[in-house]
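What follows is entry_32.json (JSON, N, CA and C atoms).
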```json
[["chain", "number", "residue", "atom", "x", "y", "z"],
["A", 222, "MET", "N", 0.82, -1.20, 0.00],
["A", 222, "MET", "CA", 0.00, 0.00, 0.00],
["A", 222, "MET", "C", 0.87, 1.26, 0.00],
["A", 223, "GLY", "N", 2.17, 1.08, 0.11],
["A", 223, "GLY", "CA", 3.05, 2.22, 0.07],
["A", 223, "GLY", "C", 3.25, 2.94, 1.39],
["A", 224, "VAL", "N", 2.80, 2.33, 2.48],
["A", 224, "VAL", "CA", 2.98, 2.93, 3.81],
["A", 224, "VAL", "C", 4.22, 2.34, 4.45],
["A", 225, "ALA", "N", 5.04, 3.20, 5.02],
["A", 225, "ALA", "CA", 6.27, 2.72, 5.67],
["A", 225, "ALA", "C", 5.92, 1.81, 6.84],
["A", 226, "PRO", "N", 6.65, 0.71, 7.01],
["A", 226, "PRO", "CA", 6.35, -0.24, 8.10],
["A", 226, "PRO", "C", 6.34, 0.41, 9.48],
["A", 227, "TYR", "N", 7.24, 1.35, 9.74],
["A", 227, "TYR", "CA", 7.27, 1.97, 11.07],
["A", 227, "TYR", "C", 6.02, 2.80, 11.32],
["A", 228, "HIS", "N", 5.39, 3.35, 10.25],
["A", 228, "HIS", "CA", 4.13, 4.07, 10.44],
["A", 228, "HIS", "C", 3.01, 3.10, 10.84],
["A", 229, "LEU", "N", 2.98, 1.94, 10.18],
["A", 229, "LEU", "CA", 1.96, 0.95, 10.52],
["A", 229, "LEU", "C", 2.13, 0.46, 11.96],
["A", 230, "ALA", "N", 3.36, 0.12, 12.29],
["A", 230, "ALA", "CA", 3.63, -0.44, 13.62],
["A", 230, "ALA", "C", 3.28, 0.55, 14.72],
["A", 231, "SER", "N", 3.47, 1.83, 14.48],
["A", 231, "SER", "CA", 3.22, 2.82, 15.53],
["A", 231, "SER", "C", 1.75, 3.24, 15.60],
["A", 232, "THR", "N", 0.96, 3.00, 14.56],
["A", 232, "THR", "CA", -0.43, 3.47, 14.57],
["A", 232, "THR", "C", -1.46, 2.35, 14.73],
["A", 233, "LEU", "N", -1.14, 1.13, 14.34],
["A", 233, "LEU", "CA", -2.10, 0.03, 14.48],
["A", 233, "LEU", "C", -2.19, -0.41, 15.93],
["A", 234, "SER", "N", -3.41, -0.64, 16.38],
["A", 234, "SER", "CA", -3.59, -1.20, 17.71],
["A", 234, "SER", "C", -4.35, -2.52, 17.66],
["A", 235, "LEU", "N", -5.11, -2.74, 16.56],
["A", 235, "LEU", "CA", -5.93, -3.94, 16.44],
["A", 235, "LEU", "C", -6.21, -4.20, 14.97],
["A", 236, "VAL", "N", -6.18, -5.46, 14.57],
["A", 236, "VAL", "CA", -6.55, -5.85, 13.21],
["A", 236, "VAL", "C", -7.75, -6.78, 13.32],
["A", 237, "ILE", "N", -8.75, -6.53, 12.47],
["A", 237, "ILE", "CA", -9.97, -7.35, 12.49],
["A", 237, "ILE", "C", -10.22, -7.91, 11.09],
["A", 238, "ALA", "N", -10.50, -9.21, 11.01],
["A", 238, "ALA", "CA", -10.92, -9.85, 9.77],
["A", 238, "ALA", "C", -12.34, -10.34, 9.99],
["A", 239, "GLN", "N", -13.14, -10.30, 8.93],
["A", 239, "GLN", "CA", -14.55, -10.68, 9.04],
["A", 239, "GLN", "C", -14.96, -11.53, 7.85],
["A", 240, "ARG", "N", -15.79, -12.52, 8.10],
["A", 240, "ARG", "CA", -16.44, -13.30, 7.06],
["A", 240, "ARG", "C", -17.91, -13.41, 7.43],
["A", 241, "LEU", "N", -18.77, -13.32, 6.43],
["A", 241, "LEU", "CA", -20.19, -13.52, 6.65],
["A", 241, "LEU", "C", -20.58, -14.91, 6.14],
["A", 242, "LEU", "N", -21.24, -15.67, 6.99],
["A", 242, "LEU", "CA", -21.66, -17.02, 6.64],
["A", 242, "LEU", "C", -23.18, -17.06, 6.48],
["A", 243, "ARG", "N", -23.63, -17.80, 5.51],
["A", 243, "ARG", "CA", -25.07, -18.00, 5.37],
["A", 243, "ARG", "C", -25.51, -18.96, 6.48],
["A", 244, "THR", "N", -26.68, -18.72, 7.06],
["A", 244, "THR", "CA", -27.20, -19.63, 8.09],
["A", 244, "THR", "C", -28.33, -20.47, 7.49],
["A", 245, "LEU", "N", -28.41, -21.69, 7.95],
["A", 245, "LEU", "CA", -29.45, -22.59, 7.47],
["A", 245, "LEU", "C", -30.80, -22.21, 8.06],
["A", 246, "CYS", "N", -31.83, -22.42, 7.29],
["A", 246, "CYS", "CA", -33.20, -22.19, 7.75],
["A", 246, "CYS", "C", -33.55, -23.23, 8.82],
["A", 247, "ASN", "N", -33.99, -22.76, 9.98],
["A", 247, "ASN", "CA", -34.34, -23.66, 11.07],
["A", 247, "ASN", "C", -35.59, -24.48, 10.79],
["A", 248, "ARG", "N", -36.41, -24.05, 9.86],
["A", 248, "ARG", "CA", -37.66, -24.76, 9.58],
["A", 248, "ARG", "C", -37.47, -25.97, 8.68],
["A", 249, "CYS", "N", -36.46, -25.94, 7.81],
["A", 249, "CYS", "CA", -36.37, -27.03, 6.83],
["A", 249, "CYS", "C", -35.01, -27.74, 6.77],
["A", 250, "LYS", "N", -34.03, -27.31, 7.55],
["A", 250, "LYS", "CA", -32.73, -27.99, 7.47],
["A", 250, "LYS", "C", -32.88, -29.45, 7.85],
["A", 251, "LYS", "N", -32.03, -30.30, 7.23],
["A", 251, "LYS", "CA", -32.13, -31.73, 7.53],
["A", 251, "LYS", "C", -30.77, -32.25, 7.98],
["A", 252, "PRO", "N", -30.77, -33.19, 8.93],
["A", 252, "PRO", "CA", -29.50, -33.79, 9.37],
["A", 252, "PRO", "C", -28.83, -34.53, 8.22],
["A", 253, "VAL", "N", -27.51, -34.50, 8.22],
["A", 253, "VAL", "CA", -26.75, -35.18, 7.17],
["A", 253, "VAL", "C", -25.55, -35.85, 7.82],
["A", 254, "LYS", "N", -25.15, -36.99, 7.27],
["A", 254, "LYS", "CA", -23.99, -37.72, 7.76],
["A", 254, "LYS", "C", -22.87, -37.61, 6.73],
["A", 255, "LEU", "N", -21.68, -37.24, 7.19],
["A", 255, "LEU", "CA", -20.49, -37.23, 6.35],
["A", 255, "LEU", "C", -19.47, -38.16, 6.98],
["A", 256, "SER", "N", -18.60, -38.70, 6.16],
["A", 256, "SER", "CA", -17.61, -39.65, 6.68],
["A", 256, "SER", "C", -16.61, -38.93, 7.59],
["A", 257, "SER", "N", -16.16, -39.65, 8.59],
["A", 257, "SER", "CA", -15.16, -39.10, 9.50],
["A", 257, "SER", "C", -13.90, -38.72, 8.74],
["A", 258, "ARG", "N", -13.54, -39.50, 7.77],
["A", 258, "ARG", "CA", -12.34, -39.23, 6.97],
["A", 258, "ARG", "C", -12.45, -37.87, 6.26],
["A", 259, "ALA", "N", -13.60, -37.62, 5.65],
["A", 259, "ALA", "CA", -13.80, -36.35, 4.94],
["A", 259, "ALA", "C", -13.74, -35.17, 5.90],
["A", 260, "LEU", "N", -14.32, -35.31, 7.08],
["A", 260, "LEU", "CA", -14.33, -34.23, 8.06],
["A", 260, "LEU", "C", -12.92, -33.98, 8.61],
["A", 261, "ILE", "N", -12.16, -35.01, 8.83],
["A", 261, "ILE", "CA", -10.79, -34.85, 9.31],
["A", 261, "ILE", "C", -9.94, -34.17, 8.23],
["A", 262, "GLN", "N", -10.17, -34.51, 6.98],
["A", 262, "GLN", "CA", -9.45, -33.86, 5.88],
["A", 262, "GLN", "C", -9.78, -32.37, 5.80],
["A", 263, "GLU", "N", -10.96, -32.00, 6.25],
["A", 263, "GLU", "CA", -11.37, -30.59, 6.24],
["A", 263, "GLU", "C", -10.90, -29.83, 7.47],
["A", 264, "GLY", "N", -10.23, -30.51, 8.39],
["A", 264, "GLY", "CA", -9.63, -29.80, 9.52],
["A", 264, "GLY", "C", -10.24, -30.09, 10.88],
["A", 265, "PHE", "N", -11.24, -30.94, 10.96],
["A", 265, "PHE", "CA", -11.80, -31.32, 12.25],
["A", 265, "PHE", "C", -10.87, -32.31, 12.94],
["A", 266, "SER", "N", -10.87, -32.30, 14.26],
["A", 266, "SER", "CA", -10.10, -33.29, 15.00],
["A", 266, "SER", "C", -11.02, -34.46, 15.35],
["A", 267, "GLN", "N", -10.43, -35.59, 15.69],
["A", 267, "GLN", "CA", -11.23, -36.76, 16.05],
["A", 267, "GLN", "C", -12.13, -36.45, 17.26],
["A", 268, "GLY", "N", -11.63, -35.69, 18.22],
["A", 268, "GLY", "CA", -12.41, -35.33, 19.39],
["A", 268, "GLY", "C", -13.63, -34.48, 19.06],
["A", 269, "GLN", "N", -13.54, -33.66, 18.03],
["A", 269, "GLN", "CA", -14.67, -32.83, 17.64],
["A", 269, "GLN", "C", -15.77, -33.64, 16.98],
["A", 270, "LEU", "N", -15.45, -34.79, 16.45],
["A", 270, "LEU", "CA", -16.43, -35.59, 15.71],
["A", 270, "LEU", "C", -17.38, -36.37, 16.61],
["A", 271, "ASP", "N", -17.04, -36.53, 17.88],
["A", 271, "ASP", "CA", -17.83, -37.36, 18.77],
["A", 271, "ASP", "C", -19.29, -36.91, 18.87],
["A", 272, "ASN", "N", -19.54, -35.64, 19.07],
["A", 272, "ASN", "CA", -20.91, -35.14, 19.23],
["A", 272, "ASN", "C", -21.30, -34.17, 18.13],
["A", 273, "LEU", "N", -20.67, -34.27, 16.97],
["A", 273, "LEU", "CA", -20.91, -33.34, 15.88],
["A", 273, "LEU", "C", -22.20, -33.69, 15.15],
["A", 274, "GLN", "N", -23.09, -32.71, 15.00],
["A", 274, "GLN", "CA", -24.32, -32.90, 14.25],
["A", 274, "GLN", "C", -24.29, -31.90, 13.10],
["A", 275, "LEU", "N", -24.32, -32.38, 11.87],
["A", 275, "LEU", "CA", -24.29, -31.54, 10.68],
["A", 275, "LEU", "C", -25.65, -31.51, 10.02],
["A", 276, "PHE", "N", -25.94, -30.41, 9.35],
["A", 276, "PHE", "CA", -27.21, -30.23, 8.66],
["A", 276, "PHE", "C", -26.96, -29.76, 7.24],
["A", 277, "ALA", "N", -27.92, -30.02, 6.35],
["A", 277, "ALA", "CA", -27.86, -29.60, 4.96],
["A", 277, "ALA", "C", -29.06, -28.72, 4.65],
["A", 278, "PRO", "N", -28.93, -27.81, 3.68],
["A", 278, "PRO", "CA", -30.07, -26.97, 3.28],
["A", 278, "PRO", "C", -31.08, -27.78, 2.48],
["A", 279, "VAL", "N", -32.35, -27.39, 2.61],
["A", 279, "VAL", "CA", -33.41, -28.06, 1.87],
["A", 279, "VAL", "C", -34.15, -27.05, 1.00],
["A", 280, "GLY", "N", -34.79, -26.09, 1.64],
["A", 280, "GLY", "CA", -35.59, -25.08, 0.93],
["A", 280, "GLY", "C", -37.05, -25.23, 1.30],
["A", 281, "CYS", "N", -37.68, -24.10, 1.62],
["A", 281, "CYS", "CA", -39.10, -24.09, 1.96],
["A", 281, "CYS", "C", -39.67, -22.71, 1.64],
["A", 282, "ASP", "N", -40.93, -22.48, 2.02],
["A", 282, "ASP", "CA", -41.59, -21.20, 1.75],
["A", 282, "ASP", "C", -41.04, -20.05, 2.59],
["A", 283, "HIS", "N", -40.26, -20.34, 3.61],
["A", 283, "HIS", "CA", -39.77, -19.31, 4.53],
["A", 283, "HIS", "C", -38.31, -18.92, 4.29],
["A", 284, "CYS", "N", -37.67, -19.52, 3.29],
["A", 284, "CYS", "CA", -36.24, -19.25, 3.09],
["A", 284, "CYS", "C", -35.90, -19.21, 1.60],
["A", 285, "LEU", "N", -34.65, -19.02, 1.33],
["A", 285, "LEU", "CA", -34.15, -19.01, -0.04],
["A", 285, "LEU", "C", -33.19, -20.19, -0.21],
["A", 286, "ALA", "N", -33.65, -21.24, -0.82],
["A", 286, "ALA", "CA", -32.85, -22.44, -1.10],
["A", 286, "ALA", "C", -32.25, -23.06, 0.17],
["A", 287, "GLY", "N", -32.95, -22.92, 1.29],
["A", 287, "GLY", "CA", -32.49, -23.55, 2.53],
["A", 287, "GLY", "C", -31.68, -22.64, 3.43],
["A", 288, "TYR", "N", -31.46, -21.40, 3.02],
["A", 288, "TYR", "CA", -30.67, -20.46, 3.81],
["A", 288, "TYR", "C", -31.52, -19.27, 4.22],
["A", 289, "LYS", "N", -31.31, -18.81, 5.46],
["A", 289, "LYS", "CA", -32.04, -17.64, 5.94],
["A", 289, "LYS", "C", -31.15, -16.87, 6.91],
["A", 290, "GLY", "N", -30.70, -15.71, 6.48],
["A", 290, "GLY", "CA", -29.88, -14.85, 7.33],
["A", 290, "GLY", "C", -28.40, -15.12, 7.19],
["A", 291, "ARG", "N", -27.64, -14.32, 7.92],
["A", 291, "ARG", "CA", -26.18, -14.41, 7.90],
["A", 291, "ARG", "C", -25.64, -14.33, 9.32],
["A", 292, "LEU", "N", -24.45, -14.86, 9.49],
["A", 292, "LEU", "CA", -23.77, -14.84, 10.78],
["A", 292, "LEU", "C", -22.36, -14.33, 10.54],
["A", 293, "GLY", "N", -21.91, -13.38, 11.36],
["A", 293, "GLY", "CA", -20.56, -12.85, 11.22],
["A", 293, "GLY", "C", -19.57, -13.65, 12.04],
["A", 294, "ILE", "N", -18.43, -13.96, 11.43],
["A", 294, "ILE", "CA", -17.31, -14.61, 12.10],
["A", 294, "ILE", "C", -16.17, -13.61, 12.08],
["A", 295, "TYR", "N", -15.57, -13.35, 13.24],
["A", 295, "TYR", "CA", -14.54, -12.32, 13.34],
["A", 295, "TYR", "C", -13.26, -12.87, 13.94],
["A", 296, "GLU", "N", -12.15, -12.35, 13.45],
["A", 296, "GLU", "CA", -10.84, -12.63, 14.03],
["A", 296, "GLU", "C", -10.26, -11.28, 14.44],
["A", 297, "THR", "N", -9.89, -11.15, 15.69],
["A", 297, "THR", "CA", -9.28, -9.91, 16.16],
["A", 297, "THR", "C", -7.90, -10.21, 16.70],
["A", 298, "VAL", "N", -6.95, -9.38, 16.31],
["A", 298, "VAL", "CA", -5.57, -9.55, 16.75],
["A", 298, "VAL", "C", -5.06, -8.20, 17.25],
["A", 299, "PRO", "N", -4.95, -8.03, 18.56],
["A", 299, "PRO", "CA", -4.30, -6.83, 19.07],
["A", 299, "PRO", "C", -2.82, -6.84, 18.66],
["A", 300, "ILE", "N", -2.29, -5.69, 18.33],
["A", 300, "ILE", "CA", -0.90, -5.60, 17.91],
["A", 300, "ILE", "C", -0.02, -5.59, 19.15],
["A", 301, "THR", "N", 0.66, -6.71, 19.37],
["A", 301, "THR", "CA", 1.56, -6.86, 20.51],
["A", 301, "THR", "C", 2.92, -6.25, 20.16],
["A", 302, "GLU", "N", 3.78, -6.17, 21.14],
["A", 302, "GLU", "CA", 5.13, -5.66, 20.90],
["A", 302, "GLU", "C", 5.86, -6.53, 19.88],
["A", 303, "ALA", "N", 5.72, -7.84, 19.99],
["A", 303, "ALA", "CA", 6.39, -8.75, 19.06],
["A", 303, "ALA", "C", 5.86, -8.57, 17.63],
["A", 304, "ILE", "N", 4.56, -8.41, 17.49],
["A", 304, "ILE", "CA", 3.98, -8.21, 16.17],
["A", 304, "ILE", "C", 4.43, -6.86, 15.60],
["A", 305, "SER", "N", 4.46, -5.86, 16.44],
["A", 305, "SER", "CA", 4.91, -4.53, 16.02],
["A", 305, "SER", "C", 6.36, -4.59, 15.50],
["A", 306, "ARG", "N", 7.22, -5.30, 16.21],
["A", 306, "ARG", "CA", 8.62, -5.46, 15.77],
["A", 306, "ARG", "C", 8.68, -6.20, 14.43],
["A", 307, "ALA", "N", 7.83, -7.21, 14.27],
["A", 307, "ALA", "CA", 7.81, -7.96, 13.01],
["A", 307, "ALA", "C", 7.39, -7.08, 11.85],
["A", 308, "ILE", "N", 6.43, -6.19, 12.08],
["A", 308, "ILE", "CA", 6.00, -5.26, 11.03],
["A", 308, "ILE", "C", 7.14, -4.33, 10.66],
["A", 309, "ILE", "N", 7.81, -3.78, 11.66],
["A", 309, "ILE", "CA", 8.93, -2.86, 11.41],
["A", 309, "ILE", "C", 10.05, -3.57, 10.65],
["A", 310, "ASN", "N", 10.29, -4.85, 10.98],
["A", 310, "ASN", "CA", 11.35, -5.63, 10.32],
["A", 310, "ASN", "C", 10.95, -6.13, 8.93],
["A", 311, "GLY", "N", 9.72, -5.84, 8.52],
["A", 311, "GLY", "CA", 9.27, -6.22, 7.18],
["A", 311, "GLY", "C", 8.95, -7.68, 7.01],
["A", 312, "GLU", "N", 8.61, -8.35, 8.09],
["A", 312, "GLU", "CA", 8.27, -9.78, 7.99],
["A", 312, "GLU", "C", 6.96, -9.95, 7.24],
["A", 313, "ASN", "N", 6.78, -11.12, 6.62],
["A", 313, "ASN", "CA", 5.59, -11.35, 5.80],
["A", 313, "ASN", "C", 4.39, -11.75, 6.66],
["A", 314, "SER", "N", 3.25, -11.87, 6.01],
["A", 314, "SER", "CA", 2.00, -12.15, 6.74],
["A", 314, "SER", "C", 2.01, -13.52, 7.42],
["A", 315, "ILE", "N", 2.70, -14.49, 6.84],
["A", 315, "ILE", "CA", 2.77, -15.82, 7.44],
["A", 315, "ILE", "C", 3.53, -15.76, 8.77],
["A", 316, "GLN", "N", 4.63, -15.04, 8.77],
["A", 316, "GLN", "CA", 5.42, -14.90, 10.00],
["A", 316, "GLN", "C", 4.65, -14.15, 11.07],
["A", 317, "ILE", "N", 3.92, -13.12, 10.66],
["A", 317, "ILE", "CA", 3.12, -12.35, 11.62],
["A", 317, "ILE", "C", 1.97, -13.21, 12.16],
["A", 318, "ALA", "N", 1.35, -14.02, 11.30],
["A", 318, "ALA", "CA", 0.29, -14.93, 11.75],
["A", 318, "ALA", "C", 0.83, -15.95, 12.76],
["A", 319, "GLU", "N", 2.04, -16.42, 12.56],
["A", 319, "GLU", "CA", 2.66, -17.37, 13.50],
["A", 319, "GLU", "C", 2.87, -16.70, 14.86],
["A", 320, "LEU", "N", 3.30, -15.43, 14.85],
["A", 320, "LEU", "CA", 3.46, -14.70, 16.11],
["A", 320, "LEU", "C", 2.13, -14.55, 16.83],
["A", 321, "ALA", "N", 1.08, -14.23, 16.07],
["A", 321, "ALA", "CA", -0.26, -14.09, 16.66],
["A", 321, "ALA", "C", -0.73, -15.41, 17.26],
["A", 322, "SER", "N", -0.47, -16.50, 16.55],
["A", 322, "SER", "CA", -0.84, -17.83, 17.05],
["A", 322, "SER", "C", -0.10, -18.16, 18.34],
["A", 323, "LYS", "N", 1.19, -17.86, 18.38],
["A", 323, "LYS", "CA", 1.99, -18.12, 19.59],
["A", 323, "LYS", "C", 1.49, -17.27, 20.76],
["A", 324, "ALA", "N", 0.92, -16.10, 20.46],
["A", 324, "ALA", "CA", 0.39, -15.23, 21.51],
["A", 324, "ALA", "C", -1.00, -15.68, 21.96],
["A", 325, "GLY", "N", -1.55, -16.73, 21.32],
["A", 325, "GLY", "CA", -2.83, -17.29, 21.75],
["A", 325, "GLY", "C", -4.05, -16.81, 20.99],
["A", 326, "PHE", "N", -3.85, -16.13, 19.86],
["A", 326, "PHE", "CA", -4.99, -15.65, 19.09],
["A", 326, "PHE", "C", -5.40, -16.70, 18.08],
["A", 327, "ASN", "N", -6.71, -16.93, 17.93],
["A", 327, "ASN", "CA", -7.24, -17.89, 16.98],
["A", 327, "ASN", "C", -7.45, -17.23, 15.62],
["A", 328, "ASN", "N", -7.25, -18.01, 14.56],
["A", 328, "ASN", "CA", -7.56, -17.48, 13.23],
["A", 328, "ASN", "C", -9.01, -17.77, 12.89],
["A", 329, "LEU", "N", -9.46, -17.30, 11.74],
["A", 329, "LEU", "CA", -10.87, -17.46, 11.37],
["A", 329, "LEU", "C", -11.29, -18.93, 11.28],
["A", 330, "ARG", "N", -10.43, -19.77, 10.78],
["A", 330, "ARG", "CA", -10.79, -21.19, 10.66],
["A", 330, "ARG", "C", -10.99, -21.83, 12.03],
["A", 331, "GLN", "N", -10.12, -21.48, 12.99],
["A", 331, "GLN", "CA", -10.26, -22.05, 14.34],
["A", 331, "GLN", "C", -11.53, -21.56, 14.98]]
```
Can you present the structure in this file as structure tokens?
Amino acid sequence: MGVAPYHLASTLSLVIAQRLLRTLCNRCKKPVKLSSRALIQEGFSQGQLDNLQLFAPVGCDHCLAGYKGRLGIYETVPITEAISRAIINGENSIQIAELASKAGFNNLRQ
């Protein structure tokens, strides 16, 4: 963006990422079974699969193709001293994400 790294490091206090997810219609959604292998490949752990209940869209008079409304998912990362130093040193986004993870911040997928 053409902004000097030291300007970013000194002015940023928080970074927020957002995704909007479609929500399933509560009136017509139906339970669905997926293989444990497929779910693990998508990033679920074996422990998460024990009580996992998944649903699929159907569609009814009260929704649009089985979806009704949206839900926001947010990731917030306060700029710590270590992250600020990484920005000043010109480290890439992967390295900065690793620092945030080590500081205990979850990413959007988590």
- Message: Could you list, as a VMD selection string, every residue within 8 Å of Lys251 of chain A, counting all atoms listed in the file and ignoring same-chain residues fewer than 3 positions away?
- Response: chain A and resid 246 to 248 254 275 to 280
- Work out how far apart atom N of Gly293 of chain A and atom CA of Leu329 of chain A are and give it in Å to one decimal. 11.8 Å
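Of the listed residues A:Val298, A:Leu320, A:Leu260, A:Ile308, the one whose atoms come nearest to Ser234 of chain A is A:Val298, with distances taken using only N, CA and C atoms.
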- Counting only N, CA and C atoms, which of A:Ile315, A:Ala303, A:Leu245, A:Leu270 gets nearest to Cys284 of chain A?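 Of A:Ile315, A:Ala303, A:Leu245, A:Leu270, the one nearest Cys284 of chain A is A:Leu245, counting only N, CA and C atoms.
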- Quick one: pull the distance between atom CA of Lys289 of chain A and atom CA of Gln239 of chain A, Å, one decimal.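 Distance reported for this atom pair: 19.1 Å.
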- Message: What's the separation between atom CA of Gly290 of chain A and atom CA of Arg240 of chain A, in Å to one decimal place?
- Response: 13.5 Å
- Among segment 224-298 of chain A, which residues carry a DSSP assignment of helix (DSSP H, G or I), reported as a list in words? Pro226, Tyr227, His228, Leu229, Ala230, Ser231, Thr232, Ser257, Arg258, Ala259, Leu260, Ile261, Gln262, Gln267, Gly268, Gln269 and Leu270 of chain A
